[in-house]
>>> print(open('work.txt').read())   # compact mmCIF, C-alpha atoms and all ligand atoms
# COMPACT_ATOMS: atom_id res chain seq x y z
CA MET A 1 11.49 -1.66 20.78
CA PRO A 2 8.35 0.45 20.13
CA GLN A 3 5.62 0.23 22.74
CA CYS A 4 1.98 -0.21 21.80
CA ASN A 5 -0.31 2.60 22.89
CA PRO A 6 -1.82 1.94 26.34
CA ASP A 7 -5.37 2.69 25.11
CA SER A 8 -5.44 -0.27 22.76
CA THR A 9 -7.72 -3.21 23.43
CA PRO A 10 -6.07 -5.69 25.82
CA ARG A 11 -5.15 -9.07 24.37
CA ARG A 12 -7.84 -11.66 24.90
CA GLU A 13 -7.05 -14.68 27.06
CA GLY A 14 -5.77 -17.84 25.43
CA THR A 15 -5.39 -16.36 21.99
CA ARG A 16 -1.64 -16.47 21.47
CA TRP A 17 -0.10 -18.07 18.42
CA PRO A 18 3.27 -19.79 19.00
CA ALA A 19 6.17 -17.36 18.61
CA ALA A 20 9.01 -18.04 16.18
CA GLY A 21 11.33 -20.57 17.84
CA GLU A 22 8.67 -22.00 20.19
CA PRO A 23 7.49 -25.60 19.74
CA GLU A 24 4.71 -25.95 17.21
CA GLY A 25 1.29 -27.07 18.33
CA GLY A 26 2.00 -25.88 21.89
CA TYR A 27 -1.00 -23.53 22.05
CA THR A 28 -4.71 -23.86 21.72
CA VAL A 29 -5.92 -20.95 19.62
CA VAL A 30 -9.16 -19.67 21.10
CA GLY A 31 -11.19 -16.72 19.89
CA ARG A 32 -8.70 -15.70 17.23
CA THR A 33 -8.91 -15.98 13.49
CA PRO A 34 -5.84 -17.00 11.49
CA ALA A 35 -5.88 -13.51 9.94
CA GLU A 36 -4.99 -11.90 13.28
CA PRO A 37 -3.16 -9.83 14.26
CA VAL A 38 -3.18 -7.51 11.25
CA LEU A 39 -0.18 -5.18 10.84
CA ILE A 40 -0.73 -2.25 8.44
CA THR A 41 1.75 0.37 7.22
CA GLY A 42 0.94 3.96 6.28
CA CYS A 43 -2.16 4.50 8.44
CA SER A 44 -1.81 8.27 8.99
CA SER A 45 -4.29 8.95 6.17
CA GLY A 46 -6.11 7.56 3.14
CA ILE A 47 -6.39 3.84 2.44
CA GLY A 48 -4.28 2.66 5.43
CA HIS A 49 -6.34 4.72 7.88
CA ALA A 50 -9.65 3.53 6.40
CA ALA A 51 -8.45 -0.10 6.30
CA ALA A 52 -7.44 0.02 9.99
CA VAL A 53 -10.94 1.23 10.91
CA SER A 54 -12.71 -1.26 8.64
CA LEU A 55 -10.72 -4.27 9.90
CA HIS A 56 -11.14 -3.17 13.53
CA ASP A 57 -14.89 -2.76 12.98
CA ALA A 58 -14.92 -6.29 11.50
CA GLY A 59 -13.66 -7.50 14.90
CA LEU A 60 -10.01 -8.10 14.01
CA ARG A 61 -7.05 -7.21 16.21
CA VAL A 62 -5.26 -4.44 14.24
CA TYR A 63 -1.84 -2.81 14.66
CA ALA A 64 -1.99 0.47 12.74
CA THR A 65 1.37 2.09 12.06
CA ALA A 66 2.78 5.34 10.66
CA ARG A 67 6.02 7.25 10.67
CA ARG A 68 4.66 9.61 13.35
CA VAL A 69 2.58 7.84 15.95
CA ASP A 70 0.77 11.10 16.86
CA THR A 71 -0.97 10.93 13.45
CA LEU A 72 -2.69 7.75 14.70
CA ALA A 73 -4.29 9.30 17.82
CA ASP A 74 -7.86 8.94 16.53
CA LEU A 75 -7.26 5.25 15.72
CA ALA A 76 -5.86 4.69 19.22
CA ARG A 77 -8.99 6.28 20.70
CA ARG A 78 -11.06 3.66 18.84
CA GLY A 79 -9.08 0.91 20.62
CA ILE A 80 -6.75 0.11 17.72
CA ALA A 81 -3.15 -0.68 18.70
CA THR A 82 -0.71 1.85 17.22
CA LEU A 83 3.03 1.76 16.58
CA ALA A 84 5.66 3.94 14.92
CA LEU A 85 6.92 2.37 11.69
CA ASP A 86 8.98 4.00 8.95
CA VAL A 87 9.36 1.63 6.01
CA THR A 88 12.69 3.19 5.05
CA ASP A 89 14.27 2.52 8.44
CA GLU A 90 15.55 -0.98 9.35
CA THR A 91 15.48 -0.39 13.12
CA SER A 92 11.94 0.95 12.96
CA MET A 93 10.67 -2.00 10.86
CA ALA A 94 12.40 -4.66 12.98
CA GLY A 95 11.20 -2.99 16.20
CA ALA A 96 7.57 -2.85 15.07
CA VAL A 97 7.48 -6.52 13.98
CA ALA A 98 9.21 -7.56 17.24
CA ALA A 99 6.65 -5.58 19.28
CA VAL A 100 3.73 -7.36 17.57
CA GLU A 101 5.42 -10.77 17.91
CA ALA A 102 6.13 -10.16 21.62
CA GLU A 103 2.41 -9.47 22.18
CA GLU A 104 0.86 -11.96 19.78
CA GLY A 105 3.40 -14.60 18.78
CA ALA A 106 3.40 -13.78 15.07
CA VAL A 107 1.89 -11.42 12.55
CA GLY A 108 -1.20 -13.03 11.02
CA THR A 109 -1.69 -10.56 8.15
CA LEU A 110 0.76 -7.95 6.86
CA ILE A 111 -0.70 -5.14 4.76
CA ASN A 112 2.06 -3.29 2.92
CA ASN A 113 0.22 -0.07 2.15
CA ALA A 114 2.68 2.81 2.71
CA GLY A 115 3.64 4.50 -0.53
CA TYR A 116 3.55 7.71 -2.51
CA GLY A 117 3.65 8.92 -6.09
CA LEU A 118 6.85 10.44 -7.48
CA TYR A 119 6.22 12.23 -10.78
CA GLY A 120 8.43 14.05 -13.25
CA PRO A 121 10.29 13.38 -16.51
CA VAL A 122 12.92 10.61 -16.30
CA GLU A 123 15.61 13.07 -17.42
CA GLN A 124 14.91 15.51 -14.61
CA VAL A 125 14.13 13.58 -11.42
CA PRO A 126 17.17 13.55 -9.09
CA MET A 127 18.51 10.05 -8.38
CA ALA A 128 18.12 10.62 -4.63
CA GLU A 129 14.36 11.01 -5.23
CA VAL A 130 14.25 7.91 -7.44
CA ARG A 131 15.96 5.92 -4.67
CA ARG A 132 13.62 7.32 -1.99
CA GLU A 133 10.61 6.23 -4.07
CA PHE A 134 11.92 2.66 -4.31
CA GLU A 135 12.98 2.62 -0.62
CA THR A 136 9.39 3.44 0.36
CA ASN A 137 7.24 1.69 -2.25
CA PHE A 138 9.37 -1.41 -2.85
CA PHE A 139 12.38 -2.09 -0.59
CA GLY A 140 10.41 -1.32 2.59
CA LEU A 141 7.70 -3.75 1.49
CA VAL A 142 10.34 -6.41 0.72
CA ARG A 143 12.07 -5.99 4.09
CA LEU A 144 8.87 -6.08 6.13
CA THR A 145 7.86 -9.21 4.27
CA GLN A 146 11.21 -10.81 5.18
CA LEU A 147 10.70 -9.83 8.82
CA VAL A 148 7.21 -11.36 9.21
CA LEU A 149 7.77 -14.56 7.19
CA PRO A 150 9.64 -16.61 9.85
CA GLY A 151 6.76 -16.10 12.31
CA MET A 152 4.14 -16.91 9.67
CA ARG A 153 6.01 -20.04 8.55
CA HIS A 154 6.29 -21.19 12.14
CA ARG A 155 2.57 -20.86 12.77
CA ARG A 156 1.93 -22.46 9.38
CA GLY A 157 -0.17 -19.69 7.94
CA GLY A 158 -0.47 -16.04 7.20
CA ARG A 159 -1.46 -13.54 4.57
CA ILE A 160 0.44 -10.71 2.92
CA LEU A 161 -1.53 -7.99 1.12
CA ASN A 162 0.51 -5.68 -1.08
CA VAL A 163 -1.18 -2.42 -2.04
CA SER A 164 -0.09 -1.98 -5.62
CA SER A 165 -2.15 0.02 -8.12
CA MET A 166 -3.73 -0.17 -11.54
CA GLY A 167 -0.42 1.64 -12.18
CA GLY A 168 1.33 -1.69 -11.59
CA ARG A 169 -0.37 -3.06 -14.71
CA ALA A 170 -0.58 -0.06 -17.03
CA THR A 171 1.59 3.05 -17.31
CA LEU A 172 0.29 6.60 -17.48
CA PRO A 173 2.29 9.71 -18.42
CA GLY A 174 4.69 11.42 -16.04
CA GLY A 175 4.98 8.71 -13.40
CA ALA A 176 7.87 6.57 -14.63
CA PHE A 177 9.28 5.86 -11.18
CA TYR A 178 5.94 5.40 -9.43
CA HIS A 179 4.84 2.91 -12.08
CA ALA A 180 8.22 1.15 -12.02
CA SER A 181 7.94 0.72 -8.24
CA LYS A 182 4.41 -0.73 -8.54
CA TYR A 183 5.38 -3.06 -11.43
CA ALA A 184 8.15 -4.27 -9.10
CA VAL A 185 5.57 -4.91 -6.35
CA GLU A 186 3.46 -6.93 -8.81
CA ALA A 187 6.37 -9.14 -9.92
CA LEU A 188 7.61 -9.65 -6.37
CA SER A 189 4.12 -10.63 -5.20
CA ASP A 190 3.59 -13.14 -8.01
CA ALA A 191 6.93 -14.82 -7.30
CA LEU A 192 6.43 -14.76 -3.53
CA ARG A 193 2.98 -16.33 -3.79
CA MET A 194 4.47 -19.42 -5.43
CA GLU A 195 7.34 -19.58 -2.89
CA VAL A 196 5.27 -19.46 0.29
CA ALA A 197 2.13 -21.39 -0.73
CA GLN A 198 3.87 -24.49 0.73
CA PHE A 199 3.72 -22.85 4.19
CA GLY A 200 0.04 -21.93 3.97
CA ILE A 201 0.88 -18.26 3.38
CA GLN A 202 -1.22 -16.37 0.83
CA VAL A 203 -0.11 -13.31 -1.13
CA VAL A 204 -2.68 -10.88 -2.45
CA LEU A 205 -2.37 -7.78 -4.64
CA ILE A 206 -4.70 -4.82 -4.08
CA GLU A 207 -4.89 -2.72 -7.26
CA PRO A 208 -6.87 0.50 -6.80
CA GLY A 209 -7.65 2.92 -9.62
CA PRO A 210 -7.94 6.63 -8.77
CA VAL A 211 -8.75 7.17 -5.08
CA LYS A 212 -9.53 10.49 -3.42
CA THR A 213 -6.76 10.64 -0.80
CA PRO A 214 -3.78 12.93 -0.04
CA TRP A 215 -1.82 10.76 -2.52
CA ASN A 216 -2.97 13.10 -5.31
CA GLU A 217 -1.52 16.25 -3.70
CA VAL A 218 1.77 14.50 -2.88
CA ALA A 219 2.09 13.19 -6.45
CA ALA A 220 1.12 16.54 -8.01
CA GLY A 221 3.58 18.34 -5.72
CA SER A 222 6.43 16.06 -6.85
CA LEU A 223 5.98 17.12 -10.49
CA GLY A 224 7.80 20.39 -9.78
CA ASP A 225 7.15 23.65 -11.57
CA THR A 226 4.43 23.08 -14.17
CA ALA A 227 4.28 26.72 -15.27
CA SER A 228 7.78 27.39 -16.64
CA ALA A 229 8.16 28.87 -20.10
CA PRO A 230 8.87 26.24 -22.81
CA GLY A 231 12.23 27.97 -23.48
CA ALA A 232 13.27 27.52 -19.86
CA ASP A 233 12.15 23.89 -19.55
CA PRO A 234 11.85 21.52 -22.54
CA TYR A 235 9.33 19.44 -20.57
CA ALA A 236 7.17 22.43 -19.53
CA ALA A 237 4.17 21.57 -21.73
CA TYR A 238 4.42 17.86 -20.89
CA LYS A 239 4.48 18.58 -17.13
CA ALA A 240 1.60 21.03 -17.43
CA ALA A 241 -0.50 18.35 -19.20
CA VAL A 242 0.34 15.74 -16.54
CA GLY A 243 -0.36 18.32 -13.80
CA VAL A 244 -3.90 18.80 -15.09
CA SER A 245 -4.56 15.05 -14.74
CA PHE A 246 -4.18 15.20 -10.94
CA SER A 247 -7.30 17.34 -10.69
CA TRP A 248 -9.34 14.66 -12.52
CA ALA A 249 -9.69 12.57 -9.34
CA ALA A 250 -11.20 15.51 -7.45
CA SER A 251 -13.34 17.06 -10.21
CA GLY A 252 -14.55 16.15 -13.69
CA PRO A 253 -15.75 12.73 -14.90
CA LEU A 254 -13.15 10.75 -12.92
CA ALA A 255 -14.39 12.24 -9.65
CA ARG A 256 -17.63 10.31 -10.10
CA LEU A 257 -15.91 7.12 -11.24
CA GLY A 258 -13.05 7.26 -8.72
CA SER A 259 -13.08 5.48 -5.36
CA ASP A 260 -12.78 6.82 -1.87
CA ALA A 261 -10.54 5.28 0.78
CA GLN A 262 -13.50 3.45 2.36
CA ASP A 263 -14.24 1.63 -0.94
CA ILE A 264 -10.69 0.27 -0.97
CA ALA A 265 -10.84 -0.54 2.75
CA ARG A 266 -13.92 -2.69 2.16
CA VAL A 267 -12.09 -4.70 -0.52
CA ILE A 268 -9.06 -5.06 1.76
CA THR A 269 -11.28 -6.34 4.58
CA ARG A 270 -12.79 -8.88 2.17
CA ALA A 271 -9.31 -9.97 1.03
CA VAL A 272 -8.16 -10.37 4.65
CA THR A 273 -11.20 -12.36 5.81
CA ALA A 274 -12.00 -14.48 2.71
CA PRO A 275 -11.11 -18.14 3.27
CA ARG A 276 -9.66 -18.25 -0.26
CA PRO A 277 -8.71 -14.74 -1.40
CA ARG A 278 -8.16 -13.86 -5.04
CA THR A 279 -4.56 -13.28 -6.14
CA ARG A 280 -5.39 -9.70 -7.19
CA TYR A 281 -8.24 -7.28 -6.65
CA LEU A 282 -8.43 -4.69 -9.44
CA ILE A 283 -10.75 -2.03 -8.05
CA ASN A 284 -13.12 0.29 -9.91
CA PRO A 285 -14.21 0.80 -13.53
CA VAL A 286 -11.42 3.24 -14.44
CA ALA A 287 -8.75 0.76 -13.32
CA LYS A 288 -10.46 -2.06 -15.19
CA SER A 289 -10.72 -0.13 -18.45
CA VAL A 290 -7.13 1.19 -18.37
CA VAL A 291 -5.71 -2.27 -17.63
CA THR A 292 -7.90 -3.85 -20.33
CA LEU A 293 -6.84 -1.21 -22.88
CA ASN A 294 -3.20 -1.86 -22.07
CA ARG A 295 -3.68 -5.61 -22.41
CA LEU A 296 -5.63 -5.58 -25.66
CA LEU A 297 -4.20 -2.69 -27.67
CA PRO A 298 -0.87 -2.81 -29.48
CA GLY A 299 1.68 -0.52 -27.76
CA ARG A 300 1.44 2.36 -30.23
CA ALA A 301 -2.36 2.33 -30.16
CA TYR A 302 -2.36 2.43 -26.33
CA ASP A 303 0.11 5.36 -26.40
CA ALA A 304 -2.09 7.19 -28.93
CA VAL A 305 -5.23 6.83 -26.78
CA ILE A 306 -3.44 8.02 -23.64
CA ARG A 307 -1.61 10.85 -25.39
CA ARG A 308 -4.90 12.15 -26.79
CA GLN A 309 -6.62 11.86 -23.41
CA TYR A 310 -3.82 13.80 -21.68
CA ARG A 311 -3.31 16.22 -24.62
CA LEU A 312 0.42 15.56 -24.49
CA PRO A 313 2.67 17.69 -26.72
CA GLY A 314 4.30 16.21 -29.81
N1 LIG B 1 -4.79 7.38 -4.00
C1 LIG B 1 -4.68 6.73 -5.14
O1 LIG B 1 -5.19 7.19 -6.19
C2 LIG B 1 -3.99 5.38 -5.19
C3 LIG B 1 -4.22 4.56 -6.31
C4 LIG B 1 -3.57 3.33 -6.40
C5 LIG B 1 -2.72 2.93 -5.38
N2 LIG B 1 -2.51 3.73 -4.30
C6 LIG B 1 -1.57 3.26 -3.27
O2 LIG B 1 -2.25 3.15 -2.03
C7 LIG B 1 -1.31 3.27 -0.96
C8 LIG B 1 -1.85 4.25 0.07
O3 LIG B 1 -1.97 5.52 -0.54
P1 LIG B 1 -3.16 6.55 -0.19
O4 LIG B 1 -3.90 6.80 -1.43
O5 LIG B 1 -3.88 6.11 1.01
O6 LIG B 1 -2.30 7.88 0.07
P2 LIG B 1 -1.97 8.68 1.42
O7 LIG B 1 -3.23 9.07 2.09
O8 LIG B 1 -1.00 9.74 1.01
O9 LIG B 1 -1.26 7.59 2.34
C9 LIG B 1 0.07 7.19 2.14
C10 LIG B 1 0.60 6.65 3.45
O10 LIG B 1 1.94 6.17 3.25
C11 LIG B 1 2.71 6.69 4.30
N3 LIG B 1 4.14 6.74 4.06
C12 LIG B 1 4.84 7.44 3.14
N4 LIG B 1 6.15 7.24 3.30
C13 LIG B 1 6.30 6.39 4.35
C14 LIG B 1 7.40 5.78 5.02
N5 LIG B 1 8.66 6.02 4.67
N6 LIG B 1 7.16 4.94 6.06
C15 LIG B 1 5.89 4.69 6.45
N7 LIG B 1 4.81 5.25 5.88
C16 LIG B 1 5.02 6.09 4.84
C17 LIG B 1 2.14 8.06 4.57
O11 LIG B 1 2.58 8.49 5.84
P3 LIG B 1 3.02 9.99 6.19
O12 LIG B 1 1.76 10.67 6.65
O13 LIG B 1 4.02 9.83 7.27
O14 LIG B 1 3.59 10.61 4.93
C18 LIG B 1 0.65 7.73 4.52
O15 LIG B 1 0.22 7.18 5.73
C19 LIG B 1 0.01 3.72 -1.61
O16 LIG B 1 0.87 2.60 -1.74
C20 LIG B 1 -0.43 4.23 -2.98
O17 LIG B 1 0.61 4.16 -3.94
C21 LIG B 1 -3.13 4.95 -4.17
>>> encode(input="work.txt", output="structure tokens", more="lines below")
Ligand SMILES: NC(=O)c1ccc[n+]([C@@H]2O[C@H](COP(=O)([O-])OP(=O)(O)OC[C@H]3O[C@@H](n4cnc5c(N)ncnc54)[C@H](OP(=O)(O)O)[C@@H]3O)[C@@H](O)[C@H]2O)c1
Amino acid sequence: MPQCNPDSTPRREGTRWPAAGEPEGGYTVVGRTPAEPVLITGCSSGIGHAAAVSLHDAGLRVYATARRVDTLADLARRGIATLALDVTDETSMAGAVAAVEAEEGAVGTLINNAGYGLYGPVEQVPMAEVRREFETNFFGLVRLTQLVLPGMRHRRGGRILNVSSMGGRATLPGGAFYHASKYAVEALSDALRMEVAQFGIQVVLIEPGPVKTPWNEVAAGSLGDTASAPGADPYAAYKAAVGVSFSWAASGPLARLGSDAQDIARVITRAVTAPRPRTRYLINPVAKSVVTLNRLLPGRAYDAVIRRQYRLPG
């Protein structure tokens, strides 16, 4: 079982929730909010890292996790508990949840944040890559949810935040598998919310628009060669057009309208601490306009707007 880093803040006295299997009502909860402890995936960079800091600064007990625990050293120095957690590895997921439950009784809030963008034409992306995308963005989230639910049910409360995307409600060119994984997260979350309301467990979707994080480089890198000659690759012009869009978050008009990781972390902290959180938080003007366009326009009109914006061939 993974060990928490020794630098993390020691557990406060008398603040333990009953563990799964222990009699209910056997503990007086002192000095703890129902949101605690908060377990977050994917904290090595970007939104997960910023959310760990923001929630810790708000006074909550946070367990920040990442595939490589050394990437969490600065969070550990702040007094945040850190653990190794790979969302594609059953042993790693079960071990991390067991470590938190051994310390705290149960997970109070799970934030499923780990994820990445896989881009490329449907015809060309190898199936192993398609499966890896779903293992990380969807199946890992499902399995972690299954692992924390018994503890949450037992303590009669909890909150699960799933970091989806505006891309879970509107599709943009080149990201078929990324969007499919986020649409899956949206559907799962909506169904789960109705299932677990009876146990006092709330399910919340976080839907960022463009955010300046390493996500953009990872997604752009997955697109493959964007400079091949049209004769060598029938999708060359399409990939080149999609490739240009990844620079929009860093420069151009979207850079001003896009969010940074701290903006999303603030919304996450609100969603974790609000007595009655919203079911979904769609963040920033770009996300709101793309989702609204997709909702209001007929399919062909939406395609035409997006194709013109991206200057897609054909
Ligand atoms: N940036 C955006 O524009 C944007 C917009 C909408 C939604 N989102 C979503 O926000 C979430 C966070 O992304 P971000 O923008 O903060 O990007 P990021 O900085 O690249 O962070 C992604 C995190 O996921 C982790 N991760 C990847 N595979 C993992 C695995 N198998 N197990 C555990 N962790 C894994 C990464 O860890 P490693 O360092 O180990 O790779 C990293 O910590 C993602 O779900 C993303 O889809 C991002």
>>> residues_around(input="work.txt", residues="Ala287 in chain A", least_positions_apart="6", cutoff="10 Å", atoms="only C-alpha atoms", output="list in words")
Ser165, Met166, Gly167, Arg169, Ala170, Glu207, Pro208, Gly209, Pro210, Leu257, Gly258 and Leu293 of chain A
>>> residues_around(input="work.txt", residues="range 32-46 of chain A", least_positions_apart="5", cutoff="7 Å", atoms="all atoms listed in the file", output="ChimeraX atom specification")
/A:15,60-66,71-72,107-114,158-159,213-214,261,272-273
>>> closest_residue(input="work.txt", among="A:Thr88, A:Asn284, A:Ser259, A:Thr292", to="ligand LIG 1 (chain B)", atoms="all atoms listed in the file")
A:Thr88
>>> closest_residue(input="work.txt", among="A:Asp260, A:Asp74, A:Asp86, A:Glu123", to="ligand LIG 1 (chain B)", atoms="all atoms listed in the file")
A:Asp86
>>> closest_residue(input="work.txt", among="A:Leu149, A:Ile264, A:Ala52, A:Ala58", to="Thr82 in chain A", atoms="only C-alpha atoms")
A:Ala52
>>> residues_around(input="work.txt", residues="Phe199 in chain A", least_positions_apart="4", cutoff="7 Å", atoms="all atoms listed in the file", output="compact mmCIF listing (two decimals) with C-alpha atoms, in the coordinates of the input")
# COMPACT_ATOMS: atom_id res chain seq x y z
CA ARG A 153 6.01 -20.04 8.55
CA ARG A 156 1.93 -22.46 9.38
CA GLY A 157 -0.17 -19.69 7.94
>>> closest_residue(input="work.txt", among="A:Trp215, A:Val305, A:Val53, A:Gly117", to="Arg77 in chain A", atoms="all atoms listed in the file")
A:Val53
>>> atom_distance(input="work.txt", atom1="CA of Val97 in chain A", atom2="atom N3 of ligand LIG 1 (chain B)")
16.9 Å
>>> atom_distance(input="work.txt", atom1="CA of Ile306 in chain A", atom2="CA of His179 in chain A")
15.1 Å
>>> residues_around(input="work.txt", residues="Val87 in chain A", least_positions_apart="2", cutoff="6 Å", atoms="all atoms listed in the file", output="PyMOL selection string")
chain A and resi 89+136+140
>>> write_last_selection(input="work.txt", atoms="C-alpha atoms", output="mmCIF file, in the frame of the given file")
data_model
loop_
_atom_site.group_PDB
_atom_site.id
_atom_site.type_symbol
_atom_site.label_atom_id
_atom_site.label_comp_id
_atom_site.auth_asym_id
_atom_site.auth_seq_id
_atom_site.Cartn_x
_atom_site.Cartn_y
_atom_site.Cartn_z
ATOM 1 C CA ASP A 89 14.270 2.520 8.440
ATOM 2 C CA THR A 136 9.390 3.440 0.360
ATOM 3 C CA GLY A 140 10.410 -1.320 2.590
#
>>> closest_residue(input="work.txt", among="A:Ser247, A:Ser54, A:Gln124, A:Asn137", to="Tyr235 in chain A", atoms="only C-alpha atoms")
A:Gln124
>>> atom_distance(input="work.txt", atom1="CA of Leu254 in chain A", atom2="CA of Leu172 in chain A")
14.8 Å
>>> residues_around(input="work.txt", residues="Thr171 in chain A", least_positions_apart="5", cutoff="10 Å", atoms="only C-alpha atoms", output="PyMOL selection string")
chain A and resi 166+176+178-180+182-183+290-291+294+302-303+306
>>> closest_residue(input="work.txt", among="A:Gly168, A:Gly299, A:Gly59, A:Gly105", to="ligand LIG 1 (chain B)", atoms="all atoms listed in the file")
A:Gly168
>>> residues_near_point(input="work.txt", point="(7.5, -7.4, -9.3)", cutoff="12 Å", atoms="only C-alpha atoms", output="PDB file with C-alpha atoms, in the frame of the given file")
ATOM      1  CA  ASN A 137       7.240   1.690  -2.250  1.00  0.00           C
ATOM      2  CA  PHE A 138       9.370  -1.410  -2.850  1.00  0.00           C
ATOM      3  CA  PHE A 139      12.380  -2.090  -0.590  1.00  0.00           C
ATOM      4  CA  LEU A 141       7.700  -3.750   1.490  1.00  0.00           C
ATOM      5  CA  VAL A 142      10.340  -6.410   0.720  1.00  0.00           C
ATOM      6  CA  ASN A 162       0.510  -5.680  -1.080  1.00  0.00           C
ATOM      7  CA  SER A 164      -0.090  -1.980  -5.620  1.00  0.00           C
ATOM      8  CA  GLY A 168       1.330  -1.690 -11.590  1.00  0.00           C
ATOM      9  CA  ARG A 169      -0.370  -3.060 -14.710  1.00  0.00           C
ATOM     10  CA  HIS A 179       4.840   2.910 -12.080  1.00  0.00           C
ATOM     11  CA  ALA A 180       8.220   1.150 -12.020  1.00  0.00           C
ATOM     12  CA  SER A 181       7.940   0.720  -8.240  1.00  0.00           C
ATOM     13  CA  LYS A 182       4.410  -0.730  -8.540  1.00  0.00           C
ATOM     14  CA  TYR A 183       5.380  -3.060 -11.430  1.00  0.00           C
ATOM     15  CA  ALA A 184       8.150  -4.270  -9.100  1.00  0.00           C
ATOM     16  CA  VAL A 185       5.570  -4.910  -6.350  1.00  0.00           C
ATOM     17  CA  GLU A 186       3.460  -6.930  -8.810  1.00  0.00           C
ATOM     18  CA  ALA A 187       6.370  -9.140  -9.920  1.00  0.00           C
ATOM     19  CA  LEU A 188       7.610  -9.650  -6.370  1.00  0.00           C
ATOM     20  CA  SER A 189       4.120 -10.630  -5.200  1.00  0.00           C
ATOM     21  CA  ASP A 190       3.590 -13.140  -8.010  1.00  0.00           C
ATOM     22  CA  ALA A 191       6.930 -14.820  -7.300  1.00  0.00           C
ATOM     23  CA  LEU A 192       6.430 -14.760  -3.530  1.00  0.00           C
ATOM     24  CA  ARG A 193       2.980 -16.330  -3.790  1.00  0.00           C
ATOM     25  CA  LEU A 205      -2.370  -7.780  -4.640  1.00  0.00           C
TER      26      LEU A 205
END
>>> residues_near_point(input="work.txt", point="(2.3, 17.3, -15.6)", cutoff="9 Å", atoms="all atoms listed in the file", output="list in words")
Tyr119, Gly120, Pro121, Pro173, Gly174, Ala220, Leu223, Gly224, Asp225, Thr226, Tyr235, Ala236, Ala237, Tyr238, Lys239, Ala240, Ala241, Val242, Gly243, Val244, Ser245 and Phe246 of chain A
